[in-house]
Amino acid sequence: MELAYYSDYAVRLVNSEEPVRGKDSLTSVEAIRDLFGGNSSAARRATDADVTRFRSVRGRLRAVFEAADQGDETLAVDLLNSLLLEFPVSPQISGHDHRDEDGRPLWHMHLADHPSNATAGYAAIAAMGLAFHLTEYGVDRLGLCEAAPCRNAYLDTSTNRSRRYCSDRCATRANVAAYRARKRLEADRSGSSGLAAENTQRASASGDR
C-alpha cells in the first residue's frame with residue numbers, strides 16, 4: 001500500500017464535522033469504525049472512550065488544513081510535526097495480497113497499527129499520510145472548500161494546482177451562486193443607469209420650461 005493512501009485518513013476524520021453547519025457525525029463507536037474503512041482489525045479496538053479522543057485529534061488535523069489554507073506553511077508543518085511526535089508510526093515492508101506475474105511479492109511500505117488504542121493508531125496513520133502528501137506535493141495542496149458554508153478538507157491532486165472545492169457538487173453550487181450574483185449586479189447597474197437617465201431627462205425637461 002502506498003503511503004499516499006494514508007493521507008485520506010486525515011481528510012475523512014476532519015470532514016466528519018462541519019463546524020459552520022453545526023454538524024458532527026463522530027458521535028459513536030460505529031462512526032469511528034467507519035472511518036477505518038477496510039482496516040477491520042484496527043476498527044475493532046475502538047471503544048466509547050475513543051469518541052472524545054478522536055474529536056481532539058480531528059481538531060488538530062483541521063488546524064493543519066486551516067494553516068495551509070491561509071498560506072502559513074511554517075505553522076502547518078509545526079502542527080503536523082507535533083502530531084507525528086505524539087503519535088509515532090511503525091513502518092514495515094509488506095507484500096501481502098500483492099504479487100507480480102511470477103508470483104513474487106510486490107514489496108511496498110506499510111504503516112503498522114499502533115497497539116495501544118484506536119485513536120493512537122488512527123492518528124499515527126493520518127498524520128504520517130498527511131505529512132507524506134505535504135512533503136511530496138507541497139503545503140498548498142492541502143485545502144479547505146471555498147463553497148460556503150462547506151469548508152470540508154481536501155487534497156489537491158490536480159495537475160495545475162487549481163482545485164478550490166472538495167467535490168463537484170460544491171464546485172457547481174459555487175459557480176451557480178457566482179452566476180446569480182453577477183446577474184443581480186448587472187440588474188442593479190442597469191436599474192441605476194436607467195434611473196440616472198430618467199433623472200437627467202426630467203432635469204432637462206424642467207430646464208426647457
# chains A, B, ... in the order shown; residues from 1 in each chain; ligands from 1
>>> residues_around(residues="Ser167 of chain A", least_positions_apart="6", cutoff="12 Å", atoms="only C-alpha atoms", output="MDAnalysis selection string")
chainID A and resid 143:147 150:156 173:174
>>> residues_around(residues="Leu130 of chain A", least_positions_apart="3", cutoff="12 Å", atoms="only C-alpha atoms", output="count of residues only")
42
>>> residues_around(residues="segment 30-32 of chain A", least_positions_apart="4", cutoff="10 Å", atoms="only C-alpha atoms", output="list in words")
Leu13, Ser16, Ser25, Leu26, Phe36, Gly37, Ala43, Arg44, Ala46, Thr47, Asp48, Asp50, Val51, Phe54, Ala118, Thr119 and Tyr122 of chain A
>>> closest_residue(among="A:Ala42, A:Val57, A:Glu66, A:Arg33", to="Ser116 of chain A", atoms="only C-alpha atoms")
A:Ala42
>>> select_by_dssp(residues="chain A", states="alpha helix (DSSP H)", output="JSON, numbers by chain")
{"A": [7, 8, 9, 10, 11, 12, 13, 14, 29, 30, 31, 32, 33, 34, 35, 40, 41, 42, 43, 49, 50, 51, 52, 53, 54, 55, 56, 57, 58, 59, 60, 61, 62, 63, 64, 65, 66, 67, 68, 69, 73, 74, 75, 76, 77, 78, 79, 80, 81, 82, 83, 84, 85, 86, 118, 119, 120, 121, 122, 123, 124, 125, 126, 127, 128, 129, 130, 131, 132, 133, 134, 135, 136, 137, 168, 169, 170, 171, 172, 173, 174, 175, 176, 177, 178, 179, 180, 181, 182, 183, 184, 185, 186, 187, 188, 189, 190, 191, 192, 193, 194, 195, 196, 197, 198, 199, 200, 201, 202, 203, 204, 205, 206, 207, 208]}
>>> select_by_dssp(residues="chain A", states="strand (DSSP E or B)", output="list of chain:residue names")
A:Glu17, A:Glu18, A:Lys23, A:Asp24, A:Ser90, A:Pro91, A:Gln92, A:Ile93, A:Ser94, A:Arg99, A:Pro105, A:His108, A:Met109, A:His110, A:Leu111, A:Ala112, A:Leu142, A:Gly143, A:Leu144, A:Ala153, A:Tyr154, A:Leu155
>>> atom_distance(atom1="atom CA of Ser158 of chain A", atom2="atom CA of Asp140 of chain A")
11.6 Å
